[in-house]
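A.B. asks: The structure follows.
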Amino acid sequence: MRHIDSYNFSGKRALIRVDFNVPLNENFEITDDNRIRAAIPTIKKITDSGGSAVIMSHLGRPDGSYEEKYSLRYIVPHLSKLTGKEVKFATDCIGDETVKMANQLLPGEIMLLENLRFYKAETKGDRDFAKKLAELADVYVNDAFGTAHRAHASTARVSELFAEEKMFGYLMEKELESMEKVLNKAEKPFTTIMGGAKVSEKILIIENLLNQVDNLIIGGGLAYTFIKASGGKTGSSSVEEDRIEIAKKLVSIAKEKGVNLVLPVDNVVADKLSNDSKTKEVPIDEIPDGWMGLDIGAKTIEKFTSIIKSSKTILWNGPLGVFEIEKFENGTKSIANAISEATSNGAFSLIGGGDSVGAIKKYKLENKVSFVSTGGGAMLEYMEGKILPGIEAIRGSE
Ligand code: AMP
């Protein structure tokens, strides 16, 4: 496998798959440019060392044909500003005209291709479409972690066409390094905090993590299925009845493996899901009928916080309550702060998957944790122990 740091890009055209799937407002202005910024080091490395960059991405979910609101042309001025270079735009991601433009690129020049998903062939992982993309360059660089779990044409398929001349970009390397640090090289004690809405979405990741963690903290909506499983009264809280058996099984696996599985002891319950609801704090397993648990309580915050602060490796996935509503954000905010404090005391913290990324940004703590993953689904699948096609297609040549 080639490495971006040691590869000689001089005179080479690099086809770079990035994730520029950024939010745009109705005036086509970018409202959050983090994903674009995240790809700049890779682009700069290539152009600064005498290569040219053919950049490709998807944006939104167009239906396999042109839709103006998903055009990448609106990204051009901002990309130009961030790279300090003129960016040429190919109105079609494949075809003769685009091949001609790519052939004419001079060292240091950048060109951006129109949205890959204007072709259905992209998400179908079509080999002929991948061949047409491969014609645009001499070397392939994948820096789009967010789509690494999909065998799309511009990720897995195109990679297979560059026998040796392929590598990860810096962002992808950082993502992989962070996940490895947690999954295989975790300094102990290693604590995972799982929150969010549903157990059903987190079973596989919990199962896999039970092989690695010392503490598994469970909060948010998914805690209630566990509470019900142990005979608690959950009122109208979100319980997945059909997952009660699996929750019991996870608890017994944790016991077998000597993992400290920690559930909330108290919670904030409300009579409805809104800021003007009536609320009170009650033990987690004594929720009266008609009330639902929407945030962790004070005793739980104290318990979770003390475990987090004595951990050396922390993985956080999913909010501890309905943090989008002010009344129920205290738990999530306190946990975000505890993770940030543990990080400043030397712990390694990885935030990713689900809404914990949104939470860490809401509390402006993204620079106070070790790494915030850019890939929701991709990160979860990696943590579940699955093979990600976009990553394997590059590593396969090792
Ligand atoms: P996820 O995408 O799995 O991280 O789930 C995030 C969602 O879980 C957020 O929208 C939260 O509002 C929701 N959530 C967190 N705690 C609870 C709870 N106690 N009851 C219902 N939903 C919750």
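Numbering starts fresh at 1 for the residues of each chain in the structure tokens, the chains themselves are lettered A, B, ... in the order given, and ligands are numbered from 1 as they appear.
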If we count only C-alpha atoms and set the cut-off at 10 Å, which residues sit around Ala347 in chain A, ignoring sequence neighbours fewer than 5 positions away in its own chain? Please answer as a list in words.
C.D. replies: Glu187, Lys188, Pro189, Phe190, Ile308, Lys309, Ser310, Ser311, Lys312, Thr313, Ile314, Ile339, Ser340, Glu341, Ala342, Val369 and Ser370 of chain A
A.B. asks: Report as a count of residues only all protein, DNA and RNA residues lying within 7 Å of Ala197 in chain A, evaluated on only C-alpha atoms, omitting residues in the same chain fewer than 2 positions from it.
C.D. replies: 4
A.B. asks: Smallest atom-to-atom distance to Leu15 in chain A: which of A:Ala38, A:Leu133, A:Val76, A:Val87, using only C-alpha atoms?
C.D. replies: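 Selected residue with least distance to Leu15 in chain A: A:Leu133.
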A.B. asks: CA of Ile301 in chain A and CA of Val213 in chain A are how many Å apart?
C.D. replies: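 Between CA of Ile301 in chain A and CA of Val213 in chain A the gap works out to 19.9 Å.
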A.B. asks: Where in range 108-261 of chain A does DSSP assign alpha helix (DSSP H), given as a PyMOL selection string?
C.D. replies: chain A and resi 120-124+127-134+158-160+170-183+203-209+223-229+244-257
A.B. asks: Let me have all residues with an atom within 8 Å of ligand 1, counting only C-alpha atoms and all ligand atoms, laid out as an MDAnalysis selection string.
C.D. replies: chainID A and resid 195:198 201:202 219:224 237:238 292:296 317:325 353:356
A.B. asks: Please provide the set of residues having any atom within 8 Å of Val182 in chain A, restricted to only C-alpha atoms, with same-chain residues fewer than 2 positions apart removed, written as a JSON list (two decimals) with N, CA and C atoms, in the first residue's frame.
C.D. replies:
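Saved file out_12.json follows:
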[["chain", "number", "residue", "atom", "x", "y", "z"],
["A", 178, "SER", "N", -7.49, 6.73, 14.71],
["A", 178, "SER", "CA", -8.28, 6.98, 15.92],
["A", 178, "SER", "C", -9.09, 5.75, 16.29],
["A", 179, "MET", "N", -9.67, 5.10, 15.29],
["A", 179, "MET", "CA", -10.49, 3.92, 15.59],
["A", 179, "MET", "C", -9.63, 2.76, 16.05],
["A", 180, "GLU", "N", -8.44, 2.63, 15.46],
["A", 180, "GLU", "CA", -7.52, 1.58, 15.88],
["A", 180, "GLU", "C", -7.09, 1.79, 17.33],
["A", 184, "ASN", "N", -8.14, -1.48, 19.14],
["A", 184, "ASN", "CA", -7.06, -2.46, 19.32],
["A", 184, "ASN", "C", -5.90, -2.01, 20.19],
["A", 185, "LYS", "N", -5.81, -0.71, 20.45],
["A", 185, "LYS", "CA", -4.65, -0.27, 21.24],
["A", 185, "LYS", "C", -5.08, 0.58, 22.41],
["A", 186, "ALA", "N", -6.28, 0.34, 22.92],
["A", 186, "ALA", "CA", -6.80, 1.21, 23.98],
["A", 186, "ALA", "C", -5.99, 1.11, 25.26],
["A", 313, "THR", "N", -9.09, 5.85, 27.94],
["A", 313, "THR", "CA", -9.60, 5.83, 26.56],
["A", 313, "THR", "C", -11.12, 5.92, 26.65],
["A", 314, "ILE", "N", -11.68, 6.84, 25.83],
["A", 314, "ILE", "CA", -13.12, 7.07, 25.90],
["A", 314, "ILE", "C", -13.71, 7.08, 24.49],
["A", 315, "LEU", "N", -14.77, 6.32, 24.31],
["A", 315, "LEU", "CA", -15.51, 6.36, 23.05],
["A", 315, "LEU", "C", -16.93, 6.78, 23.38],
["A", 350, "LEU", "N", -12.63, 9.65, 21.54],
["A", 350, "LEU", "CA", -13.14, 9.60, 20.17],
["A", 350, "LEU", "C", -14.66, 9.75, 20.22]]
A.B. asks: Determine, using only C-alpha atoms, which residues of range 142-206 of chain A have any atom at most 12 Å from an atom of range 8-12 of chain A, and tabulate each with its shortest atom pair and distance in Å to one decimal place, rows ordered by chain and then rising number, as JSON lines.
C.D. replies:
{"residue": "A:Glu165", "atom": "CA", "partner": "A:Phe9", "partner_atom": "CA", "distance": 10.6}
{"residue": "A:Lys166", "atom": "CA", "partner": "A:Phe9", "partner_atom": "CA", "distance": 11.6}
{"residue": "A:Met167", "atom": "CA", "partner": "A:Phe9", "partner_atom": "CA", "distance": 11.9}
A.B. asks: Restrict the selected residues to C-alpha atoms and save them as a short mmCIF file (atom, residue, chain, number, x, y, z; two decimals), in the first residue's frame.
C.D. replies:
data_model
loop_
_atom_site.label_atom_id
_atom_site.label_comp_id
_atom_site.auth_asym_id
_atom_site.auth_seq_id
_atom_site.Cartn_x
_atom_site.Cartn_y
_atom_site.Cartn_z
CA GLU A 165 -1.21 3.44 -7.31
CA LYS A 166 -3.72 4.06 -4.55
CA MET A 167 -3.69 5.26 -0.98
#
A.B. asks: Here is a test: counting only C-alpha atoms, which residue of A:Glu256, A:Glu160, A:Glu29, A:Glu245 is nearest to Asn211 in chain A?
C.D. replies: A:Glu256
A.B. asks: How close does each residue of range 133-176 of chain A get to range 20-26 of chain A, giving the shortest atom pair and distance in Å to one decimal for every residue with an atom at most 12 Å away, counting only C-alpha atoms, sorted by chain and residue number, as JSON lines?
C.D. replies:
{"residue": "A:Asp143", "atom": "CA", "partner": "A:Phe20", "partner_atom": "CA", "distance": 10.5}
{"residue": "A:Ala144", "atom": "CA", "partner": "A:Phe20", "partner_atom": "CA", "distance": 8.6}
{"residue": "A:Phe145", "atom": "CA", "partner": "A:Phe20", "partner_atom": "CA", "distance": 11.2}
{"residue": "A:Gly146", "atom": "CA", "partner": "A:Asn21", "partner_atom": "CA", "distance": 9.3}
{"residue": "A:Thr147", "atom": "CA", "partner": "A:Asn21", "partner_atom": "CA", "distance": 10.3}
A.B. asks: What would the file look like if the residues just selected were written as a PDB file, in the first residue's frame with all heavy atoms?
C.D. replies:
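Writing done, so here's out_34.pdb:
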ATOM      1  N   ASP A 143     -10.158   9.874   0.457  1.00  0.00           N
ATOM      2  CA  ASP A 143     -10.168  10.664   1.698  1.00  0.00           C
ATOM      3  C   ASP A 143     -11.599  10.855   2.205  1.00  0.00           C
ATOM      4  O   ASP A 143     -11.897  11.796   2.931  1.00  0.00           O
ATOM      5  CB  ASP A 143      -9.511  12.024   1.454  1.00  0.00           C
ATOM      6  CG  ASP A 143      -8.781  12.529   2.710  1.00  0.00           C
ATOM      7  OD1 ASP A 143      -8.534  11.712   3.621  1.00  0.00           O
ATOM      8  OD2 ASP A 143      -8.461  13.727   2.779  1.00  0.00           O
ATOM      9  N   ALA A 144     -12.489   9.940   1.788  1.00  0.00           N
ATOM     10  CA  ALA A 144     -13.912  10.091   2.137  1.00  0.00           C
ATOM     11  C   ALA A 144     -14.333   8.983   3.085  1.00  0.00           C
ATOM     12  O   ALA A 144     -14.903   7.959   2.678  1.00  0.00           O
ATOM     13  CB  ALA A 144     -14.758  10.040   0.865  1.00  0.00           C
ATOM     14  N   PHE A 145     -14.062   9.184   4.355  1.00  0.00           N
ATOM     15  CA  PHE A 145     -14.397   8.144   5.330  1.00  0.00           C
ATOM     16  C   PHE A 145     -15.907   7.908   5.415  1.00  0.00           C
ATOM     17  O   PHE A 145     -16.359   6.787   5.585  1.00  0.00           O
ATOM     18  CB  PHE A 145     -13.828   8.513   6.708  1.00  0.00           C
ATOM     19  CG  PHE A 145     -14.141   7.489   7.742  1.00  0.00           C
ATOM     20  CD1 PHE A 145     -13.646   6.204   7.623  1.00  0.00           C
ATOM     21  CD2 PHE A 145     -14.959   7.790   8.820  1.00  0.00           C
ATOM     22  CE1 PHE A 145     -13.947   5.225   8.558  1.00  0.00           C
ATOM     23  CE2 PHE A 145     -15.267   6.819   9.768  1.00  0.00           C
ATOM     24  CZ  PHE A 145     -14.763   5.535   9.632  1.00  0.00           C
ATOM     25  N   GLY A 146     -16.668   8.991   5.285  1.00  0.00           N
ATOM     26  CA  GLY A 146     -18.122   8.915   5.427  1.00  0.00           C
ATOM     27  C   GLY A 146     -18.800   7.932   4.485  1.00  0.00           C
ATOM     28  O   GLY A 146     -19.896   7.446   4.771  1.00  0.00           O
ATOM     29  N   THR A 147     -18.156   7.609   3.347  1.00  0.00           N
ATOM     30  CA  THR A 147     -18.770   6.655   2.408  1.00  0.00           C
ATOM     31  C   THR A 147     -17.971   5.351   2.324  1.00  0.00           C
ATOM     32  O   THR A 147     -18.225   4.523   1.451  1.00  0.00           O
ATOM     33  CB  THR A 147     -18.864   7.251   0.981  1.00  0.00           C
ATOM     34  OG1 THR A 147     -17.611   7.843   0.666  1.00  0.00           O
ATOM     35  CG2 THR A 147     -19.956   8.273   0.867  1.00  0.00           C
TER      36      THR A 147
END
A.B. asks: Considering only C-alpha atoms, state which residue in the set A:Arg35, A:Lys303, A:Arg2, A:His58 is at the smallest distance from Leu171 in chain A.
C.D. replies: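 Of the candidates, the smallest distance to Leu171 in chain A is held by A:Arg35.
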A.B. asks: Mind checking which residues fall within 10 Å of Lys233 in chain A, counting only C-alpha atoms, ignoring those fewer than 4 positions away in the same chain, and posting them as a PyMOL selection string?
C.D. replies: chain A and resi 224+227-229+237+283-289
A.B. asks: With N, CA and C atoms retained, could you export that selection as a PDB file, in the first residue's frame?
C.D. replies:
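File produced: selection31.pdb:
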ATOM      1  N   TYR A 224     -33.728   2.332  28.515  1.00  0.00           N
ATOM      2  CA  TYR A 224     -35.015   1.873  29.045  1.00  0.00           C
ATOM      3  C   TYR A 224     -35.351   0.426  28.695  1.00  0.00           C
ATOM      4  N   ILE A 227     -33.608  -1.412  31.354  1.00  0.00           N
ATOM      5  CA  ILE A 227     -34.289  -1.270  32.649  1.00  0.00           C
ATOM      6  C   ILE A 227     -35.520  -2.182  32.685  1.00  0.00           C
ATOM      7  N   LYS A 228     -36.257  -2.172  31.600  1.00  0.00           N
ATOM      8  CA  LYS A 228     -37.439  -3.041  31.517  1.00  0.00           C
ATOM      9  C   LYS A 228     -37.022  -4.512  31.607  1.00  0.00           C
ATOM     10  N   ALA A 229     -35.890  -4.824  30.945  1.00  0.00           N
ATOM     11  CA  ALA A 229     -35.393  -6.204  30.936  1.00  0.00           C
ATOM     12  C   ALA A 229     -35.082  -6.697  32.350  1.00  0.00           C
ATOM     13  N   SER A 237     -41.636   5.618  28.623  1.00  0.00           N
ATOM     14  CA  SER A 237     -40.311   5.806  28.009  1.00  0.00           C
ATOM     15  C   SER A 237     -40.163   4.916  26.783  1.00  0.00           C
ATOM     16  N   PRO A 283     -36.231   7.702  40.437  1.00  0.00           N
ATOM     17  CA  PRO A 283     -35.350   6.566  40.159  1.00  0.00           C
ATOM     18  C   PRO A 283     -35.671   5.988  38.774  1.00  0.00           C
ATOM     19  N   ILE A 284     -34.649   5.481  38.108  1.00  0.00           N
ATOM     20  CA  ILE A 284     -34.810   5.043  36.714  1.00  0.00           C
ATOM     21  C   ILE A 284     -35.814   3.898  36.565  1.00  0.00           C
ATOM     22  N   ASP A 285     -35.980   3.085  37.617  1.00  0.00           N
ATOM     23  CA  ASP A 285     -36.872   1.928  37.492  1.00  0.00           C
ATOM     24  C   ASP A 285     -38.207   2.144  38.205  1.00  0.00           C
ATOM     25  N   GLU A 286     -38.502   3.438  38.492  1.00  0.00           N
ATOM     26  CA  GLU A 286     -39.796   3.724  39.149  1.00  0.00           C
ATOM     27  C   GLU A 286     -40.510   4.867  38.435  1.00  0.00           C
ATOM     28  N   ILE A 287     -40.606   4.745  37.130  1.00  0.00           N
ATOM     29  CA  ILE A 287     -41.239   5.816  36.344  1.00  0.00           C
ATOM     30  C   ILE A 287     -42.760   5.612  36.362  1.00  0.00           C
ATOM     31  N   PRO A 288     -43.503   6.617  36.848  1.00  0.00           N
ATOM     32  CA  PRO A 288     -44.956   6.434  36.915  1.00  0.00           C
ATOM     33  C   PRO A 288     -45.579   6.341  35.524  1.00  0.00           C
ATOM     34  N   ASP A 289     -46.734   5.719  35.449  1.00  0.00           N
ATOM     35  CA  ASP A 289     -47.450   5.626  34.168  1.00  0.00           C
ATOM     36  C   ASP A 289     -47.720   7.028  33.641  1.00  0.00           C
TER      37      ASP A 289
END
A.B. asks: Taking only C-alpha atoms into account, name the residue in A:Ala156, A:Ala247, A:Ile206, A:Ala359 that is nearest to Asp126 in chain A.
C.D. replies: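 Smallest distance to Asp126 in chain A is found for A:Ala156.
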A.B. asks: Choose the residue, out of A:Ala14, A:Ile193, A:Gly231, A:Lys327, that has the smallest atom-to-atom separation from Lys272 in chain A; count only C-alpha atoms.
C.D. replies: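 Closest residue, counting only C-alpha atoms: A:Lys327.
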